[in-house]
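Asks: Next comes the structure file target_12.cif, holding mmCIF, C-alpha atoms.
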```
data_entry
loop_
_atom_site.group_PDB
_atom_site.id
_atom_site.type_symbol
_atom_site.label_atom_id
_atom_site.label_comp_id
_atom_site.auth_asym_id
_atom_site.auth_seq_id
_atom_site.Cartn_x
_atom_site.Cartn_y
_atom_site.Cartn_z
ATOM 1 C CA MET A 343 112.987 -97.787 -41.493
ATOM 2 C CA ALA A 344 115.383 -97.904 -38.550
ATOM 3 C CA THR A 345 117.932 -95.916 -40.536
ATOM 4 C CA VAL A 346 115.366 -93.196 -41.266
ATOM 5 C CA LEU A 347 114.453 -93.046 -37.578
ATOM 6 C CA VAL A 348 118.127 -92.771 -36.549
ATOM 7 C CA ILE A 349 118.671 -90.003 -39.119
ATOM 8 C CA ALA A 350 115.562 -88.147 -37.908
ATOM 9 C CA VAL A 351 116.651 -88.377 -34.259
ATOM 10 C CA PHE A 352 120.148 -87.273 -35.218
ATOM 11 C CA ALA A 353 118.739 -84.284 -37.174
ATOM 12 C CA VAL A 354 116.583 -83.268 -34.217
ATOM 13 C CA LEU A 355 119.583 -83.497 -31.870
ATOM 14 C CA ILE A 356 121.656 -81.345 -34.221
ATOM 15 C CA GLY A 357 118.827 -78.810 -34.422
ATOM 16 C CA VAL A 358 118.402 -78.660 -30.630
ATOM 17 C CA THR A 359 122.164 -78.334 -30.176
ATOM 18 C CA ALA A 360 122.282 -75.503 -32.714
ATOM 19 C CA LEU A 361 119.430 -73.681 -30.965
ATOM 20 C CA TYR A 362 121.067 -74.183 -27.577
ATOM 21 C CA ASN A 363 124.455 -72.956 -28.806
ATOM 22 C CA SER A 364 122.881 -69.957 -30.494
ATOM 23 C CA VAL A 365 121.085 -68.828 -27.335
ATOM 24 C CA VAL A 366 124.188 -69.387 -25.186
ATOM 25 C CA GLY A 367 126.271 -67.450 -27.719
ATOM 26 C CA ARG A 368 123.875 -64.504 -27.560
ATOM 27 C CA LYS A 369 123.927 -64.567 -23.760
ATOM 28 C CA ASN A 370 127.729 -64.551 -23.835
ATOM 29 C CA THR A 371 127.701 -61.623 -26.257
ATOM 30 C CA VAL A 372 125.553 -59.678 -23.775
ATOM 31 C CA ASP A 373 128.008 -60.542 -20.994
ATOM 32 C CA GLU A 374 130.926 -59.451 -23.182
ATOM 33 C CA ALA A 375 129.195 -56.171 -24.022
ATOM 34 C CA TYR A 376 128.537 -55.603 -20.338
ATOM 35 C CA GLY A 377 132.223 -56.183 -19.651
ATOM 36 C CA GLY A 378 133.085 -53.646 -22.358
ATOM 37 C CA ILE A 379 131.086 -51.006 -20.523
ATOM 38 C CA ASP A 380 132.920 -51.877 -17.325
ATOM 39 C CA VAL A 381 136.302 -51.455 -19.065
ATOM 40 C CA GLN A 382 135.354 -47.977 -20.264
ATOM 41 C CA LEU A 383 134.024 -46.989 -16.842
ATOM 42 C CA LYS A 384 137.300 -48.167 -15.289
ATOM 43 C CA LYS A 385 139.203 -45.950 -17.742
ATOM 44 C CA ARG A 386 137.074 -43.021 -16.680
ATOM 45 C CA TYR A 387 137.643 -43.806 -13.002
ATOM 46 C CA ASP A 388 141.382 -43.870 -13.613
ATOM 47 C CA LEU A 389 141.219 -40.423 -15.218
ATOM 48 C CA ILE A 390 139.219 -38.779 -12.420
ATOM 49 C CA PRO A 391 142.193 -38.295 -10.058
ATOM 50 C CA GLN A 392 144.190 -36.760 -12.901
ATOM 51 C CA ALA A 393 141.348 -34.397 -13.756
ATOM 52 C CA VAL A 394 140.911 -33.392 -10.122
ATOM 53 C CA GLU A 395 144.635 -32.800 -9.754
ATOM 54 C CA ALA A 396 144.892 -30.820 -12.998
ATOM 55 C CA VAL A 397 142.057 -28.493 -12.122
ATOM 56 C CA GLY A 398 142.651 -28.501 -8.381
ATOM 57 C CA CYS A 399 145.696 -26.283 -8.425
ATOM 58 C CA TYR A 400 143.736 -23.608 -10.297
ATOM 59 C CA ALA A 401 140.300 -23.877 -8.826
ATOM 60 C CA ASP A 402 140.331 -24.016 -5.054
ATOM 61 C CA HIS A 403 136.771 -22.743 -4.925
ATOM 62 C CA GLU A 404 135.679 -25.796 -6.967
ATOM 63 C CA ARG A 405 136.913 -28.091 -4.194
ATOM 64 C CA LYS A 406 133.412 -29.458 -3.439
ATOM 65 C CA LEU A 407 132.974 -30.658 -7.027
ATOM 66 C CA MET A 408 136.352 -32.357 -6.923
ATOM 67 C CA GLU A 409 135.562 -33.989 -3.583
ATOM 68 C CA ASP A 410 132.182 -35.133 -4.943
ATOM 69 C CA LEU A 411 133.832 -36.688 -8.003
ATOM 70 C CA THR A 412 136.281 -38.585 -5.843
ATOM 71 C CA ARG A 413 133.524 -39.759 -3.491
ATOM 72 C CA TRP A 414 131.230 -40.826 -6.371
ATOM 73 C CA ARG A 415 134.102 -42.715 -7.969
ATOM 74 C CA THR A 416 134.766 -44.631 -4.748
ATOM 75 C CA GLU A 417 131.080 -45.343 -4.092
ATOM 76 C CA ALA A 418 130.388 -46.495 -7.658
ATOM 77 C CA ALA A 419 133.157 -49.089 -7.474
ATOM 78 C CA ARG A 420 131.217 -50.868 -4.709
ATOM 79 C CA PHE A 421 128.204 -51.595 -6.946
ATOM 80 C CA PRO A 422 127.986 -53.885 -9.987
ATOM 81 C CA VAL A 423 127.610 -52.334 -13.418
ATOM 82 C CA GLY A 424 123.941 -51.956 -14.279
ATOM 83 C CA SER A 425 122.719 -51.629 -10.713
ATOM 84 C CA THR A 426 120.453 -48.671 -10.025
ATOM 85 C CA GLU A 427 122.909 -47.275 -7.494
ATOM 86 C CA ARG A 428 125.845 -47.520 -9.893
ATOM 87 C CA GLU A 429 123.902 -45.975 -12.783
ATOM 88 C CA SER A 430 122.926 -43.032 -10.585
ATOM 89 C CA LEU A 431 126.536 -42.519 -9.500
ATOM 90 C CA GLU A 432 127.720 -42.852 -13.127
ATOM 91 C CA ARG A 433 125.336 -40.060 -14.142
ATOM 92 C CA ASN A 434 126.715 -37.908 -11.323
ATOM 93 C CA ILE A 435 130.279 -38.634 -12.440
ATOM 94 C CA GLY A 436 129.517 -37.781 -16.067
ATOM 95 C CA THR A 437 127.840 -34.526 -15.109
ATOM 96 C CA GLY A 438 130.599 -33.716 -12.624
ATOM 97 C CA LEU A 439 133.338 -34.280 -15.193
ATOM 98 C CA LYS A 440 131.582 -31.995 -17.650
ATOM 99 C CA SER A 441 131.371 -29.334 -14.948
ATOM 100 C CA LEU A 442 135.030 -29.835 -14.078
ATOM 101 C CA ILE A 443 136.040 -29.348 -17.701
ATOM 102 C CA ALA A 444 133.818 -26.253 -17.847
ATOM 103 C CA VAL A 445 135.751 -24.823 -14.888
ATOM 104 C CA ALA A 446 138.767 -24.579 -17.177
ATOM 105 C CA GLU A 447 136.981 -21.821 -19.088
ATOM 106 C CA ASN A 448 137.615 -19.575 -16.074
ATOM 107 C CA TYR A 449 141.367 -20.300 -16.145
ATOM 108 C CA PRO A 450 142.920 -19.499 -19.535
ATOM 109 C CA GLU A 451 146.370 -20.731 -18.472
ATOM 110 C CA LEU A 452 144.852 -24.093 -17.453
ATOM 111 C CA LYS A 453 142.757 -24.300 -20.596
ATOM 112 C CA ALA A 454 145.832 -23.681 -22.741
ATOM 113 C CA GLY A 455 148.022 -26.198 -20.875
ATOM 114 C CA ARG A 456 149.168 -29.172 -22.883
ATOM 115 C CA ASN A 457 148.476 -31.664 -20.079
ATOM 116 C CA PHE A 458 144.975 -30.336 -19.512
ATOM 117 C CA LEU A 459 144.181 -30.376 -23.222
ATOM 118 C CA PHE A 460 145.381 -33.965 -23.432
ATOM 119 C CA LEU A 461 143.317 -34.885 -20.368
ATOM 120 C CA GLN A 462 140.240 -33.148 -21.771
ATOM 121 C CA GLY A 463 140.630 -34.997 -25.078
ATOM 122 C CA THR A 464 141.089 -38.309 -23.287
ATOM 123 C CA LEU A 465 137.996 -37.735 -21.144
ATOM 124 C CA ASN A 466 135.959 -36.900 -24.242
ATOM 125 C CA GLU A 467 137.234 -40.040 -25.945
ATOM 126 C CA VAL A 468 136.362 -42.189 -22.924
ATOM 127 C CA GLU A 469 132.849 -40.700 -22.766
ATOM 128 C CA ASP A 470 132.405 -41.481 -26.475
ATOM 129 C CA ASN A 471 133.649 -45.035 -25.851
ATOM 130 C CA ILE A 472 131.184 -45.467 -22.976
ATOM 131 C CA GLN A 473 128.362 -44.406 -25.278
ATOM 132 C CA ALA A 474 129.546 -46.817 -27.982
ATOM 133 C CA ALA A 475 129.841 -49.659 -25.448
ATOM 134 C CA ARG A 476 126.301 -48.990 -24.256
ATOM 135 C CA ARG A 477 125.011 -49.010 -27.834
ATOM 136 C CA PHE A 478 126.789 -52.326 -28.441
ATOM 137 C CA TYR A 479 125.314 -53.689 -25.213
ATOM 138 C CA ASN A 480 121.809 -52.626 -26.233
ATOM 139 C CA ALA A 481 122.232 -54.288 -29.639
ATOM 140 C CA ALA A 482 123.421 -57.501 -27.970
ATOM 141 C CA VAL A 483 120.503 -57.366 -25.516
ATOM 142 C CA LYS A 484 118.077 -56.947 -28.418
ATOM 143 C CA GLN A 485 119.432 -60.068 -30.120
ATOM 144 C CA TYR A 486 119.377 -61.980 -26.842
ATOM 145 C CA ASN A 487 115.828 -60.857 -25.973
ATOM 146 C CA ASN A 488 114.660 -61.848 -29.459
ATOM 147 C CA ALA A 489 116.116 -65.311 -28.870
ATOM 148 C CA CYS A 490 114.354 -65.534 -25.495
ATOM 149 C CA GLU A 491 111.016 -64.690 -27.083
ATOM 150 C CA MET A 492 111.027 -66.087 -30.634
ATOM 151 C CA PHE A 493 110.320 -69.660 -31.594
ATOM 152 C CA PRO A 494 112.291 -71.967 -31.809
ATOM 153 C CA TYR A 495 115.053 -70.237 -29.786
ATOM 154 C CA ARG A 496 112.577 -69.645 -26.979
ATOM 155 C CA VAL A 497 112.521 -73.393 -26.317
ATOM 156 C CA ALA A 498 116.266 -73.466 -25.652
ATOM 157 C CA ALA A 499 116.119 -70.214 -23.656
ATOM 158 C CA SER A 500 113.368 -71.548 -21.407
ATOM 159 C CA MET A 501 115.284 -74.812 -20.877
ATOM 160 C CA LEU A 502 118.247 -72.710 -19.730
ATOM 161 C CA GLU A 503 115.955 -70.510 -17.616
ATOM 162 C CA MET A 504 117.161 -67.408 -19.455
ATOM 163 C CA ARG A 505 115.104 -64.253 -19.002
ATOM 164 C CA ARG A 506 114.942 -60.947 -20.807
ATOM 165 C CA LYS A 507 117.657 -58.426 -20.000
ATOM 166 C CA GLU A 508 117.114 -54.703 -19.617
ATOM 167 C CA MET A 509 118.729 -52.222 -21.973
ATOM 168 C CA PHE A 510 120.555 -49.147 -20.808
ATOM 169 C CA ARG A 511 118.181 -46.209 -20.781
ATOM 170 C CA ALA A 512 118.674 -42.523 -20.159
ATOM 171 C CA ALA A 513 117.488 -41.238 -16.824
ATOM 172 C CA GLU A 514 114.278 -39.224 -16.917
ATOM 173 C CA GLU A 515 116.076 -35.911 -16.304
ATOM 174 C CA GLU A 516 118.432 -36.643 -19.210
ATOM 175 C CA ARG A 517 115.475 -36.920 -21.607
ATOM 176 C CA ASN A 518 114.318 -33.376 -20.983
ATOM 177 C CA PRO A 519 115.565 -30.506 -23.138
ATOM 178 C CA VAL A 520 118.647 -28.783 -21.779
ATOM 179 C CA ALA A 521 118.032 -25.216 -20.672
ATOM 180 C CA MET A 522 121.210 -23.485 -21.813
ATOM 181 C CA LYS A 523 120.525 -20.516 -19.575
ATOM 182 C CA ASP A 524 120.641 -22.799 -16.516
ATOM 183 C CA LEU A 525 124.004 -24.209 -17.585
ATOM 184 C CA PHE A 526 125.485 -20.742 -17.946
ATOM 185 C CA ASP A 527 124.004 -19.670 -14.632
ATOM 186 C CA LYS A 528 125.615 -22.672 -12.895
ATOM 187 C CA ARG A 529 129.008 -21.908 -14.433
ATOM 188 C CA ALA A 530 128.794 -18.303 -13.320
ATOM 189 C CA ARG A 531 128.414 -19.344 -9.656
#
```
So, in terms of structure tokens, how does the structure I just supplied come out?
Replies:
Amino acid sequence: MATVLVIAVFAVLIGVTALYNSVVGRKNTVDEAYGGIDVQLKKRYDLIPQAVEAVGCYADHERKLMEDLTRWRTEAARFPVGSTERESLERNIGTGLKSLIAVAENYPELKAGRNFLFLQGTLNEVEDNIQAARRFYNAAVKQYNNACEMFPYRVAASMLEMRRKEMFRAAEEERNPVAMKDLFDKRAR
């Protein structure tokens, strides 16, 4: 009888430990995914001065855009990833970089330059990596949130005072259809 009781207690302890470790592992995966986004954003920040410099010598009248990109980059570094302020600045940076690349259309010699083409390709790659990192983060958050809400993992999550995490979501203006005419009108200015 005592042996059965010891085995039962031992089995329960193993089960609780497995639940605990599973929830902690999912939380750490979310943290890792969050860090992956930060790495990609840092890459983009490092490319902004190069992009500004590459376009700057051709496009003096685009100076405000280049100054805005530099300012947004500096401001965004002050906020943690995922904060409302940082997300807003990140959207501005993404839009600004697209506009900066579009400026090259007005300068055939810039557009054809090897350095600019390399920079443009690198920026596109970084933007793709940011999207992939955000998808990975959202998948990790889904697994973590499931653990926080589903029995028996919920028991371990509540013991650790773990709460649901928010997924990355597109801003409201990014959900609306893009009016191509407006984009062309902006480029023409």
Asks: For CA of Met492 (chain A) and CA of Val358 (chain A), determine how far apart the two atoms are, in Å to one decimal place.
Replies: 14.6 Å
Asks: Please, what distance in Å, to one decimal, runs between CA of Tyr479 (chain A) and CA of Arg511 (chain A)?
Replies: 11.2 Å
Asks: How would you write, as a ChimeraX atom specification, the residues chosen by the PyMOL selection byres ((chain A and resi 472) around 9) on this structure?
Replies: /A:378-383,386,467-471,473-477
Asks: Find the residues near Ala482 (chain A): any atom within 10 Å, counting all atoms listed in the file, skip ones fewer than 6 places away on the same chain, and give them as an mmCIF file with C-alpha atoms, keeping the file's coordinate frame.
Replies:
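The file below, part-v1.cif, is the result:
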```cif
data_model
loop_
_atom_site.group_PDB
_atom_site.id
_atom_site.type_symbol
_atom_site.label_atom_id
_atom_site.label_comp_id
_atom_site.auth_asym_id
_atom_site.auth_seq_id
_atom_site.Cartn_x
_atom_site.Cartn_y
_atom_site.Cartn_z
ATOM 1 C CA ARG A 368 123.875 -64.504 -27.560
ATOM 2 C CA LYS A 369 123.927 -64.567 -23.760
ATOM 3 C CA ASN A 370 127.729 -64.551 -23.835
ATOM 4 C CA THR A 371 127.701 -61.623 -26.257
ATOM 5 C CA VAL A 372 125.553 -59.678 -23.775
ATOM 6 C CA ASP A 373 128.008 -60.542 -20.994
ATOM 7 C CA GLU A 374 130.926 -59.451 -23.182
ATOM 8 C CA ALA A 375 129.195 -56.171 -24.022
ATOM 9 C CA TYR A 376 128.537 -55.603 -20.338
ATOM 10 C CA ARG A 476 126.301 -48.990 -24.256
ATOM 11 C CA ASN A 488 114.660 -61.848 -29.459
ATOM 12 C CA LYS A 507 117.657 -58.426 -20.000
ATOM 13 C CA MET A 509 118.729 -52.222 -21.973
#
```
Asks: Any idea what's packed within 9 Å of Pro391 (chain A), counting only C-alpha atoms, ignoring anything in its chain fewer than 6 positions away? Could you give it as a ChimeraX atom specification?
Replies: /A:408,411-412
Asks: Expressed in Å to a single decimal, how great is the separation between CA of Arg506 (chain A) and CA of Val483 (chain A)?
Replies: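 Separating CA of Arg506 (chain A) from CA of Val483 (chain A) is a distance of 8.1 Å.
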Asks: If we count only C-alpha atoms and set the cut-off at 12 Å, which residues sit around Gly438 (chain A), ignoring sequence neighbours fewer than 4 positions away in its own chain? Please answer as a list in words.
Replies: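 The residues that qualify are Ile390, Ala393, Val394, Glu404, Arg405, Lys406, Leu407, Met408, Glu409, Asp410, Leu411, Thr412, Arg413, Trp414, Arg415, Leu431, Glu432, Arg433, Asn434, Leu442, Ile443, Ala444, Val445 and Leu465 of chain A.
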Asks: Step by step, work through what the PyMOL selection byres ((chain A and resi 493-497) around 12) selects in the shown file, and finish by giving those residues as a list in words.
Replies: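 After applying the PyMOL selection byres ((chain A and resi 493-497) around 12), what remains is Gly357, Val358, Thr359, Ala360, Leu361, Tyr362, Asn363, Ser364, Val365, Val366, Gly367, Arg368, Gln485, Tyr486, Asn487, Asn488, Ala489, Cys490, Glu491, Met492, Ala498, Ala499, Ser500, Met501, Leu502, Glu503, Met504, Arg505 and Arg506 of chain A.
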Asks: Work out where the centre of an axis-aligned box around every listed atom of region 477-495 of chain A lies and how long its edges are once 5 Å is added on each side; give both in Å to one decimal as lines of an AutoDock Vina configuration file.
Replies:
```
center_x = 118.6
center_y = -60.5
center_z = -28.5
size_x = 26.5
size_y = 33.0
size_z = 16.6
```
Asks: Looking at only C-alpha atoms, which of A:Ala344, A:Leu461, A:Ile435, A:Ile349 is the one that sits closest to Glu395 (chain A)?
Replies: A:Leu461
Asks: With all atoms listed in the file as the atoms that count, which of A:Val346, A:Ala353, A:Phe421, A:Thr464 lies nearest to Asp388 (chain A)?
Replies: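 Counting all atoms listed in the file, the residue closest to Asp388 (chain A) is A:Thr464.
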